[in-house]
Amino acid sequence: MLTTTKKILAAADNGGYAVGAFNVNNLEILQAVVEAAVESRSPVILQTSEGAVEYAGMDYLLALMRVGAGAKVPMAIHLDHGKDLALIKKAIDSGYTSVMFDGSTLPYKKNVADTKKVVAWAGKKGVSVEAEIGAIKGVEDLVSVSEKEAFFTDPEEAARFAKETGCDALAVSVGTAHGARKFKGEQALDIARLEKIDGLVKAPLVLHGASGISPELVEKTRMLCDQLEDCARLEGSSGVPDAMIAAAIRAGIRKINIDSDLRIAFTAGVREAIVRDHKTIDPRKLLGPAKRMMKEVAKHKMELFGSSGKA
Ligand code: G3H
Ligand code: 13P
Ligand code: ZN
């Protein structure tokens with residue numbers, strides 16, 4: 001059932017677990033995530049990025065997510081990484097239950113001012129707001145680990161930011177990165193920093209860039225790649241190991257964003273379908289296996305995050 005992100009995260013905070021927020025771009029992704037949530041009896045957050053809205057249209061995506069949210073587990077509809085204030089306003093007015101304002105690349109004062117603006121609009125509609133302080137940078141943006149650390153969230157600044165803006169959830173930067181190449185060399189998160197932020201900030205904390213980038217699934221995206229001469233896909237990829245996710249949840253993370261792992265499962269499924277069936281031109285036969293693989297990924301996350309059985 002459709003509920004608010006605020007309620008879902010408050011329950012997670014009480015129970016000491018985290019809830020997955022999965023990026024939805026089409027019907028198959030939506031169904032995979034919803035079916036996983038129902039079978040796992042897990043609350044879930046369905047989220048669309050500005051890119052997804054540009055690709056599929058807000059109305060189509062909202063219609064899909066509303067149907068999905070008719071299932072018998074708590075679900076919320078969230079705008080991920082909103083940067084365009086007009087689009088955020090539209091999402092608030094159209095029925096999203098939460099929005100993210102991503103002002104992480106703005107100067108501190110501007111980030112505070114724009115976040116407050118969004119909090120005021122959202123408050124009138126009972127919509128909650130996720131904000132971001134510190135920037136989530138990856139190995140593709142930066143050269144060295146120390147350069148990446150320069151963008152990590154400062155605990156005192158996070159506390160001040162949360163107080164000044166009145167945001168309902170806070171995305172923090174503690175070592176993760178978006179996409180499939182998260183670490184150069186050793187995989188590491190700054191758990192001590194996270195614990196400190198959690199001690200100072202009341203709002204639930206959000207981990208972006210949290211995909212695990214499973215080597216087994218990556219290998220499946222390369223089925224017959226020698227013959228097809230495309231073995232470079234996802235070369236040098238690395239993700240956040242499950243044990244690190246568990247540590248981040250113990251340190252206070254309550255919402256965990258997953259997109260890349262679904263993308264990889266989708267690609268692996270389509271690859272397998274094409275390689276195994278040279279005759280089909282039926283989109284359902286091409287996308288069905290992709291949906292099943294994404295569903296397995298989502299179920300695994302719900303188990304790992306501790307949200308399974310909580311609905
Ligand atoms: O955080 C970013 C998500 O992976 C969404 O990516 O903007 O390409 O839809 P996108
Ligand atoms: P991944 O790229 O690790 O899946 O992160 C997704 C994300 O943070 C969406 O906001
Ligand atoms: Zn993100």
# chains A, B, ... in the order shown; residues from 1 in each chain; ligands from 1
$ select_by_dssp --residues "stretch 159-206 of chain A" --states "helix (DSSP H, G or I)" --output "compact mmCIF listing (two decimals) with all heavy atoms, in the first residue's frame"
# COMPACT_ATOMS: atom_id res chain seq x y z
N ALA A 159 25.31 18.10 10.91
CA ALA A 159 24.38 18.39 12.01
C ALA A 159 23.78 19.79 11.83
O ALA A 159 22.57 20.00 11.97
CB ALA A 159 25.11 18.29 13.34
N ARG A 160 24.65 20.73 11.49
CA ARG A 160 24.20 22.12 11.29
C ARG A 160 23.24 22.18 10.10
O ARG A 160 22.19 22.82 10.16
CB ARG A 160 25.45 23.00 11.04
CG ARG A 160 25.19 24.49 10.98
CD ARG A 160 26.43 25.26 11.44
NE ARG A 160 27.61 24.92 10.66
CZ ARG A 160 28.03 25.58 9.58
NH1 ARG A 160 27.37 26.62 9.14
NH2 ARG A 160 29.12 25.21 8.93
N PHE A 161 23.60 21.50 9.02
CA PHE A 161 22.79 21.50 7.79
C PHE A 161 21.39 20.92 8.06
O PHE A 161 20.38 21.48 7.64
CB PHE A 161 23.52 20.69 6.71
CG PHE A 161 22.80 20.61 5.40
CD1 PHE A 161 22.87 21.65 4.48
CD2 PHE A 161 22.04 19.49 5.07
CE1 PHE A 161 22.20 21.58 3.27
CE2 PHE A 161 21.36 19.40 3.86
CZ PHE A 161 21.45 20.45 2.95
N ALA A 162 21.35 19.80 8.77
CA ALA A 162 20.06 19.14 9.04
C ALA A 162 19.17 20.06 9.88
O ALA A 162 17.98 20.17 9.64
CB ALA A 162 20.28 17.80 9.73
N LYS A 163 19.78 20.72 10.86
CA LYS A 163 19.04 21.64 11.74
C LYS A 163 18.52 22.84 10.95
O LYS A 163 17.36 23.22 11.05
CB LYS A 163 19.97 22.11 12.85
CG LYS A 163 19.30 22.07 14.21
CD LYS A 163 20.24 22.58 15.27
CE LYS A 163 19.88 21.90 16.58
NZ LYS A 163 20.92 22.04 17.56
N GLU A 164 19.41 23.43 10.16
CA GLU A 164 19.04 24.64 9.42
C GLU A 164 17.98 24.39 8.36
O GLU A 164 17.14 25.24 8.10
CB GLU A 164 20.28 25.25 8.74
CG GLU A 164 21.15 26.05 9.70
CD GLU A 164 22.44 26.57 9.05
OE1 GLU A 164 22.55 26.54 7.81
OE2 GLU A 164 23.32 27.00 9.77
N THR A 165 18.04 23.23 7.72
CA THR A 165 17.12 22.97 6.60
C THR A 165 15.82 22.30 7.04
O THR A 165 14.81 22.41 6.35
CB THR A 165 17.77 22.06 5.54
OG1 THR A 165 18.11 20.81 6.16
CG2 THR A 165 19.00 22.69 4.94
N ILE A 191 33.33 4.06 8.20
CA ILE A 191 32.25 3.72 9.14
C ILE A 191 32.34 4.59 10.41
O ILE A 191 31.31 4.98 10.97
CB ILE A 191 32.30 2.20 9.50
CG1 ILE A 191 32.05 1.35 8.23
CG2 ILE A 191 31.29 1.85 10.60
CD1 ILE A 191 30.66 1.44 7.62
N ALA A 192 33.53 4.92 10.83
CA ALA A 192 33.69 5.76 12.04
C ALA A 192 33.04 7.13 11.81
O ALA A 192 32.36 7.68 12.68
CB ALA A 192 35.16 5.91 12.38
N ARG A 193 33.24 7.66 10.61
CA ARG A 193 32.63 8.95 10.25
C ARG A 193 31.10 8.83 10.26
O ARG A 193 30.38 9.71 10.76
CB ARG A 193 33.12 9.36 8.86
CG ARG A 193 32.57 10.69 8.34
CD ARG A 193 33.07 10.96 6.94
NE ARG A 193 34.50 11.09 6.90
CZ ARG A 193 35.16 12.25 6.95
NH1 ARG A 193 34.50 13.39 6.99
NH2 ARG A 193 36.47 12.30 6.93
N LEU A 194 30.63 7.73 9.72
CA LEU A 194 29.18 7.49 9.67
C LEU A 194 28.59 7.44 11.08
O LEU A 194 27.54 8.03 11.36
CB LEU A 194 28.94 6.17 8.92
CG LEU A 194 27.54 5.83 8.45
CD1 LEU A 194 26.91 6.98 7.68
CD2 LEU A 194 27.61 4.58 7.57
N GLU A 195 29.28 6.74 11.98
CA GLU A 195 28.81 6.65 13.37
C GLU A 195 28.74 8.04 14.00
O GLU A 195 27.80 8.36 14.72
CB GLU A 195 29.75 5.76 14.20
CG GLU A 195 29.53 4.28 13.90
CD GLU A 195 30.62 3.39 14.49
OE1 GLU A 195 31.67 3.92 14.93
OE2 GLU A 195 30.41 2.16 14.48
N LYS A 196 29.73 8.84 13.69
CA LYS A 196 29.77 10.21 14.25
C LYS A 196 28.60 11.03 13.70
O LYS A 196 27.92 11.74 14.45
CB LYS A 196 31.11 10.87 13.88
CG LYS A 196 31.47 11.95 14.81
CD LYS A 196 32.94 12.30 14.77
CE LYS A 196 33.18 13.52 15.64
NZ LYS A 196 34.38 14.25 15.29
N ILE A 197 28.37 10.92 12.40
CA ILE A 197 27.25 11.67 11.80
C ILE A 197 25.94 11.21 12.44
O ILE A 197 25.10 12.02 12.82
CB ILE A 197 27.19 11.45 10.26
CG1 ILE A 197 28.48 11.94 9.59
CG2 ILE A 197 25.97 12.17 9.66
CD1 ILE A 197 28.63 11.52 8.13
N ASP A 198 25.80 9.90 12.59
CA ASP A 198 24.56 9.35 13.15
C ASP A 198 24.32 9.85 14.58
O ASP A 198 23.18 10.09 14.98
CB ASP A 198 24.61 7.81 13.11
CG ASP A 198 23.28 7.20 13.49
OD1 ASP A 198 22.27 7.59 12.87
OD2 ASP A 198 23.22 6.38 14.43
N GLY A 199 25.41 10.04 15.32
CA GLY A 199 25.29 10.54 16.69
C GLY A 199 24.85 11.99 16.74
O GLY A 199 24.27 12.44 17.73
N LEU A 200 25.11 12.73 15.67
CA LEU A 200 24.82 14.17 15.68
C LEU A 200 23.56 14.56 14.91
O LEU A 200 23.02 15.64 15.08
CB LEU A 200 26.01 14.94 15.07
CG LEU A 200 27.34 14.88 15.86
CD1 LEU A 200 28.46 15.53 15.05
CD2 LEU A 200 27.20 15.56 17.20
$ residues_around --residues "A:Ala290" --least-positions-apart "3" --cutoff "10 Å" --atoms "only C-alpha atoms" --output "JSON, numbers by chain"
{"A": [28, 29, 32, 262, 263, 264, 265, 266, 267, 268, 269, 270, 271, 272, 273, 284, 285, 286, 287, 293, 294, 295]}
$ closest_residue --among "A:Lys125, A:Lys182, A:Lys117, A:Lys90" --to "A:Ser211" --atoms "only C-alpha atoms"
A:Lys182
$ atom_distance --atom1 "atom CA of A:Pro43" --atom2 "atom CA of A:Trp121"
25.9 Å
$ closest_atom_pairs --of "chain A" --to "ligand 1" --cutoff "6 Å" --atoms "only C-alpha atoms and all ligand atoms" --output "tab-separated table"
residue	atom	partner	partner_atom_place_in_ligand_line	distance
A:Ser49	CA	ligand 1	9 (O)	4.9
A:Gly51	CA	ligand 1	9 (O)	4.4
A:Ala52	CA	ligand 1	9 (O)	5.1
A:His178	CA	ligand 1	1 (O)	5.8
A:Asp259	CA	ligand 1	4 (O)	4.9
$ closest_atom_pairs --of "stretch 131-248 of chain A" --to "stretch 60-83 of chain A" --cutoff "12 Å" --atoms "only C-alpha atoms" --output "tab-separated table"
residue	atom	partner	partner_atom	distance
A:Ala131	CA	A:His81	CA	8.9
A:Glu132	CA	A:His81	CA	9.1
A:Ala135	CA	A:His81	CA	11.9
A:Ile136	CA	A:His81	CA	11.6
A:Ala171	CA	A:His81	CA	10.2
A:His178	CA	A:His81	CA	11.7
A:Val206	CA	A:Asp80	CA	11.6
A:His208	CA	A:His81	CA	10.0
A:Gly209	CA	A:His81	CA	11.9
$ write_last_selection --atoms "N, CA and C atoms" --output "tab-separated table (two decimals), in the first residue's frame"
chain	number	residue	atom	x	y	z
A	131	ALA	N	17.87	15.45	1.64
A	131	ALA	CA	18.86	16.42	1.15
A	131	ALA	C	20.23	15.75	1.19
A	132	GLU	N	21.23	16.44	0.64
A	132	GLU	CA	22.57	15.84	0.63
A	132	GLU	C	23.62	16.85	1.05
A	135	ALA	N	29.73	15.38	-1.06
A	135	ALA	CA	29.40	14.93	-2.42
A	135	ALA	C	29.89	13.51	-2.64
A	136	ILE	N	29.06	12.73	-3.36
A	136	ILE	CA	29.38	11.32	-3.58
A	136	ILE	C	30.16	11.21	-4.89
A	171	ALA	N	21.37	12.39	2.90
A	171	ALA	CA	22.33	11.56	2.16
A	171	ALA	C	23.73	12.01	2.51
A	178	HIS	N	28.55	6.51	-7.27
A	178	HIS	CA	27.55	5.98	-8.19
A	178	HIS	C	28.23	5.14	-9.28
A	206	VAL	N	21.02	8.30	4.58
A	206	VAL	CA	20.82	7.62	3.30
A	206	VAL	C	22.18	7.31	2.67
A	208	HIS	N	23.88	6.43	-0.78
A	208	HIS	CA	23.80	6.35	-2.25
A	208	HIS	C	24.98	5.52	-2.74
A	209	GLY	N	24.91	5.12	-4.00
A	209	GLY	CA	26.05	4.41	-4.59
A	209	GLY	C	26.35	3.13	-3.86
$ residues_around --residues "A:Glu149" --least-positions-apart "4" --cutoff "9 Å" --atoms "only C-alpha atoms" --output "VMD selection string"
chain A and resid 137 144 to 145 153 173 to 175
$ write_last_selection --atoms "all heavy atoms" --output "PDB file, in the first residue's frame"
ATOM      1  N   LYS A 137      31.470  11.173  -4.763  1.00  0.00           N
ATOM      2  CA  LYS A 137      32.344  11.187  -5.954  1.00  0.00           C
ATOM      3  C   LYS A 137      32.935   9.809  -6.190  1.00  0.00           C
ATOM      4  O   LYS A 137      33.232   9.081  -5.242  1.00  0.00           O
ATOM      5  CB  LYS A 137      33.496  12.178  -5.740  1.00  0.00           C
ATOM      6  CG  LYS A 137      33.038  13.597  -5.506  1.00  0.00           C
ATOM      7  CD  LYS A 137      32.860  14.329  -6.809  1.00  0.00           C
ATOM      8  CE  LYS A 137      32.472  15.778  -6.557  1.00  0.00           C
ATOM      9  NZ  LYS A 137      32.151  16.498  -7.756  1.00  0.00           N
ATOM     10  N   SER A 144      42.591  10.292  -7.015  1.00  0.00           N
ATOM     11  CA  SER A 144      43.099   9.521  -5.884  1.00  0.00           C
ATOM     12  C   SER A 144      42.056   9.359  -4.786  1.00  0.00           C
ATOM     13  O   SER A 144      41.052  10.056  -4.751  1.00  0.00           O
ATOM     14  CB  SER A 144      44.308  10.235  -5.293  1.00  0.00           C
ATOM     15  OG  SER A 144      43.863  11.452  -4.722  1.00  0.00           O
ATOM     16  N   VAL A 145      42.353   8.428  -3.862  1.00  0.00           N
ATOM     17  CA  VAL A 145      41.466   8.193  -2.730  1.00  0.00           C
ATOM     18  C   VAL A 145      41.383   9.443  -1.855  1.00  0.00           C
ATOM     19  O   VAL A 145      40.309   9.822  -1.392  1.00  0.00           O
ATOM     20  CB  VAL A 145      41.977   6.980  -1.907  1.00  0.00           C
ATOM     21  CG1 VAL A 145      41.160   6.788  -0.645  1.00  0.00           C
ATOM     22  CG2 VAL A 145      41.935   5.723  -2.760  1.00  0.00           C
ATOM     23  N   THR A 153      31.343  13.724   3.902  1.00  0.00           N
ATOM     24  CA  THR A 153      30.504  14.573   4.757  1.00  0.00           C
ATOM     25  C   THR A 153      31.213  14.875   6.073  1.00  0.00           C
ATOM     26  O   THR A 153      31.696  13.958   6.744  1.00  0.00           O
ATOM     27  CB  THR A 153      29.170  13.843   5.041  1.00  0.00           C
ATOM     28  OG1 THR A 153      28.555  13.551   3.791  1.00  0.00           O
ATOM     29  CG2 THR A 153      28.229  14.694   5.891  1.00  0.00           C
ATOM     30  N   SER A 173      28.155  11.305   2.351  1.00  0.00           N
ATOM     31  CA  SER A 173      29.255  10.781   1.546  1.00  0.00           C
ATOM     32  C   SER A 173      30.303  10.186   2.482  1.00  0.00           C
ATOM     33  O   SER A 173      30.934  10.899   3.264  1.00  0.00           O
ATOM     34  CB  SER A 173      29.855  11.934   0.730  1.00  0.00           C
ATOM     35  OG  SER A 173      31.053  11.522   0.126  1.00  0.00           O
ATOM     36  N   VAL A 174      30.439   8.860   2.429  1.00  0.00           N
ATOM     37  CA  VAL A 174      31.396   8.181   3.323  1.00  0.00           C
ATOM     38  C   VAL A 174      32.236   7.156   2.558  1.00  0.00           C
ATOM     39  O   VAL A 174      32.760   6.208   3.145  1.00  0.00           O
ATOM     40  CB  VAL A 174      30.670   7.491   4.516  1.00  0.00           C
ATOM     41  CG1 VAL A 174      30.077   8.522   5.459  1.00  0.00           C
ATOM     42  CG2 VAL A 174      29.591   6.521   4.017  1.00  0.00           C
ATOM     43  N   GLY A 175      32.321   7.332   1.238  1.00  0.00           N
ATOM     44  CA  GLY A 175      33.207   6.436   0.478  1.00  0.00           C
ATOM     45  C   GLY A 175      32.555   5.723  -0.693  1.00  0.00           C
ATOM     46  O   GLY A 175      33.241   5.129  -1.507  1.00  0.00           O
TER      47      GLY A 175
END
$ select_by_dssp --residues "stretch 35-88 of chain A" --states "strand (DSSP E or B)" --output "short mmCIF file (atom, residue, chain, number, x, y, z; two decimals) with C-alpha atoms, in the first residue's frame"
data_model
loop_
_atom_site.label_atom_id
_atom_site.label_comp_id
_atom_site.auth_asym_id
_atom_site.auth_seq_id
_atom_site.Cartn_x
_atom_site.Cartn_y
_atom_site.Cartn_z
CA VAL A 44 10.26 -0.65 -0.30
CA ILE A 45 10.88 2.76 -1.87
CA LEU A 46 10.30 3.11 -5.61
CA GLN A 47 12.36 5.97 -6.98
CA THR A 48 12.82 7.71 -10.30
CA SER A 49 15.71 9.95 -11.26
CA MET A 75 5.66 1.40 -0.55
CA ALA A 76 6.73 4.98 -1.15
CA ILE A 77 7.31 6.93 -4.35
CA HIS A 78 10.44 9.07 -4.36
CA LEU A 79 12.17 11.51 -6.73
CA ASP A 80 15.89 10.66 -6.74
CA HIS A 81 18.58 13.35 -7.15
CA GLY A 82 16.23 16.24 -7.94
#
$ closest_residue --among "A:Ile92, A:Met302, A:Val139, A:Ala243" --to "A:Gly185" --atoms "only C-alpha atoms"
A:Val139
$ residues_around --residues "A:Ala18" --least-positions-apart "6" --cutoff "7 Å" --atoms "only C-alpha atoms" --output "PyMOL selection string"
chain A and resi 12+249+253-256+305-307
$ atom_distance --atom1 "atom CA of A:Gln31" --atom2 "atom CA of A:Gly288"
10.7 Å
$ residues_around --residues "A:Ala210" --least-positions-apart "6" --cutoff "8 Å" --atoms "only C-alpha atoms" --output "list of chain:residue names"
A:Thr176, A:Ala177, A:His178, A:Gly239, A:Val240, A:Ile245, A:Ile256, A:Asn257, A:Ile258
$ write_last_selection --atoms "all heavy atoms" --output "compact mmCIF listing (two decimals), in the first residue's frame"
# COMPACT_ATOMS: atom_id res chain seq x y z
N THR A 176 31.22 5.77 -0.78
CA THR A 176 30.57 5.12 -1.92
C THR A 176 30.62 6.05 -3.14
O THR A 176 30.96 7.23 -3.02
CB THR A 176 29.10 4.76 -1.62
OG1 THR A 176 28.41 5.97 -1.27
CG2 THR A 176 29.00 3.75 -0.49
N ALA A 177 30.25 5.50 -4.28
CA ALA A 177 30.21 6.29 -5.52
C ALA A 177 29.12 5.69 -6.41
O ALA A 177 28.82 4.50 -6.31
CB ALA A 177 31.55 6.21 -6.23
N HIS A 178 28.55 6.51 -7.27
CA HIS A 178 27.55 5.98 -8.19
C HIS A 178 28.23 5.14 -9.28
O HIS A 178 29.41 5.34 -9.56
CB HIS A 178 26.78 7.13 -8.85
CG HIS A 178 25.87 7.84 -7.89
ND1 HIS A 178 26.13 9.10 -7.40
CD2 HIS A 178 24.71 7.46 -7.32
CE1 HIS A 178 25.17 9.46 -6.56
NE2 HIS A 178 24.29 8.48 -6.50
N GLY A 239 32.30 -2.95 -6.35
CA GLY A 239 31.17 -2.40 -5.61
C GLY A 239 31.36 -2.52 -4.11
O GLY A 239 32.45 -2.82 -3.63
N VAL A 240 30.27 -2.26 -3.38
CA VAL A 240 30.32 -2.29 -1.92
C VAL A 240 29.97 -3.71 -1.46
O VAL A 240 28.85 -4.17 -1.68
CB VAL A 240 29.30 -1.29 -1.32
CG1 VAL A 240 29.47 -1.22 0.20
CG2 VAL A 240 29.45 0.10 -1.95
N ILE A 245 27.93 -3.13 3.75
CA ILE A 245 26.55 -2.62 3.83
C ILE A 245 25.99 -2.91 5.22
O ILE A 245 25.37 -2.04 5.86
CB ILE A 245 25.66 -3.28 2.73
CG1 ILE A 245 26.11 -2.85 1.33
CG2 ILE A 245 24.18 -2.99 2.96
CD1 ILE A 245 25.87 -1.38 0.98
N ILE A 256 18.77 2.83 1.48
CA ILE A 256 19.91 2.43 0.65
C ILE A 256 19.50 2.43 -0.82
O ILE A 256 18.58 1.71 -1.22
CB ILE A 256 20.44 1.04 1.08
CG1 ILE A 256 20.87 1.08 2.56
CG2 ILE A 256 21.59 0.61 0.19
CD1 ILE A 256 21.51 -0.19 3.08
N ASN A 257 20.20 3.23 -1.61
CA ASN A 257 19.84 3.38 -3.03
C ASN A 257 20.56 2.37 -3.91
O ASN A 257 21.79 2.25 -3.85
CB ASN A 257 20.24 4.79 -3.50
CG ASN A 257 19.31 5.86 -2.99
OD1 ASN A 257 18.51 5.63 -2.08
ND2 ASN A 257 19.38 7.03 -3.57
N ILE A 258 19.77 1.70 -4.74
CA ILE A 258 20.33 0.68 -5.63
C ILE A 258 19.83 0.93 -7.06
O ILE A 258 18.62 0.91 -7.31
CB ILE A 258 19.90 -0.74 -5.19
CG1 ILE A 258 20.38 -1.06 -3.77
CG2 ILE A 258 20.38 -1.79 -6.19
CD1 ILE A 258 21.88 -1.24 -3.59
$ residues_around --residues "A:Ala120" --least-positions-apart "3" --cutoff "12 Å" --atoms "only C-alpha atoms" --output "PyMOL selection string"
chain A and resi 89+92+113-117+123-129+165-168
$ atom_distance --atom1 "atom 8 (O, counted along the ligand's line) of ligand 2" --atom2 "atom CA of A:Met1"
24.1 Å
$ closest_residue --among "A:Ala56, A:Glu296, A:Gly212, A:Ile133" --to "A:Pro107" --atoms "only C-alpha atoms"
A:Ile133
$ residues_around --residues "A:Ala169" --least-positions-apart "2" --cutoff "6 Å" --atoms "only C-alpha atoms" --output "PyMOL selection string"
chain A and resi 130+167+203-205
$ write_last_selection --atoms "N, CA, C and O atoms" --output "PDB file, in the first residue's frame"
ATOM      1  N   GLU A 130      14.546  14.523   1.202  1.00  0.00           N
ATOM      2  CA  GLU A 130      15.917  14.040   1.436  1.00  0.00           C
ATOM      3  C   GLU A 130      16.858  15.095   0.874  1.00  0.00           C
ATOM      4  O   GLU A 130      16.641  15.595  -0.239  1.00  0.00           O
ATOM      5  N   CYS A 167      15.422  19.104   6.928  1.00  0.00           N
ATOM      6  CA  CYS A 167      15.203  17.971   5.999  1.00  0.00           C
ATOM      7  C   CYS A 167      14.809  16.725   6.790  1.00  0.00           C
ATOM      8  O   CYS A 167      15.137  16.584   7.966  1.00  0.00           O
ATOM      9  N   ALA A 203      17.815  13.016  11.717  1.00  0.00           N
ATOM     10  CA  ALA A 203      17.142  12.507  10.504  1.00  0.00           C
ATOM     11  C   ALA A 203      17.779  11.193  10.056  1.00  0.00           C
ATOM     12  O   ALA A 203      18.993  11.005  10.222  1.00  0.00           O
ATOM     13  N   PRO A 204      16.971  10.267   9.503  1.00  0.00           N
ATOM     14  CA  PRO A 204      17.535   9.008   8.991  1.00  0.00           C
ATOM     15  C   PRO A 204      18.580   9.282   7.908  1.00  0.00           C
ATOM     16  O   PRO A 204      18.429  10.200   7.102  1.00  0.00           O
ATOM     17  N   LEU A 205      19.631   8.467   7.904  1.00  0.00           N
ATOM     18  CA  LEU A 205      20.735   8.667   6.952  1.00  0.00           C
ATOM     19  C   LEU A 205      20.567   7.773   5.727  1.00  0.00           C
ATOM     20  O   LEU A 205      20.064   6.649   5.822  1.00  0.00           O
TER      21      LEU A 205
END
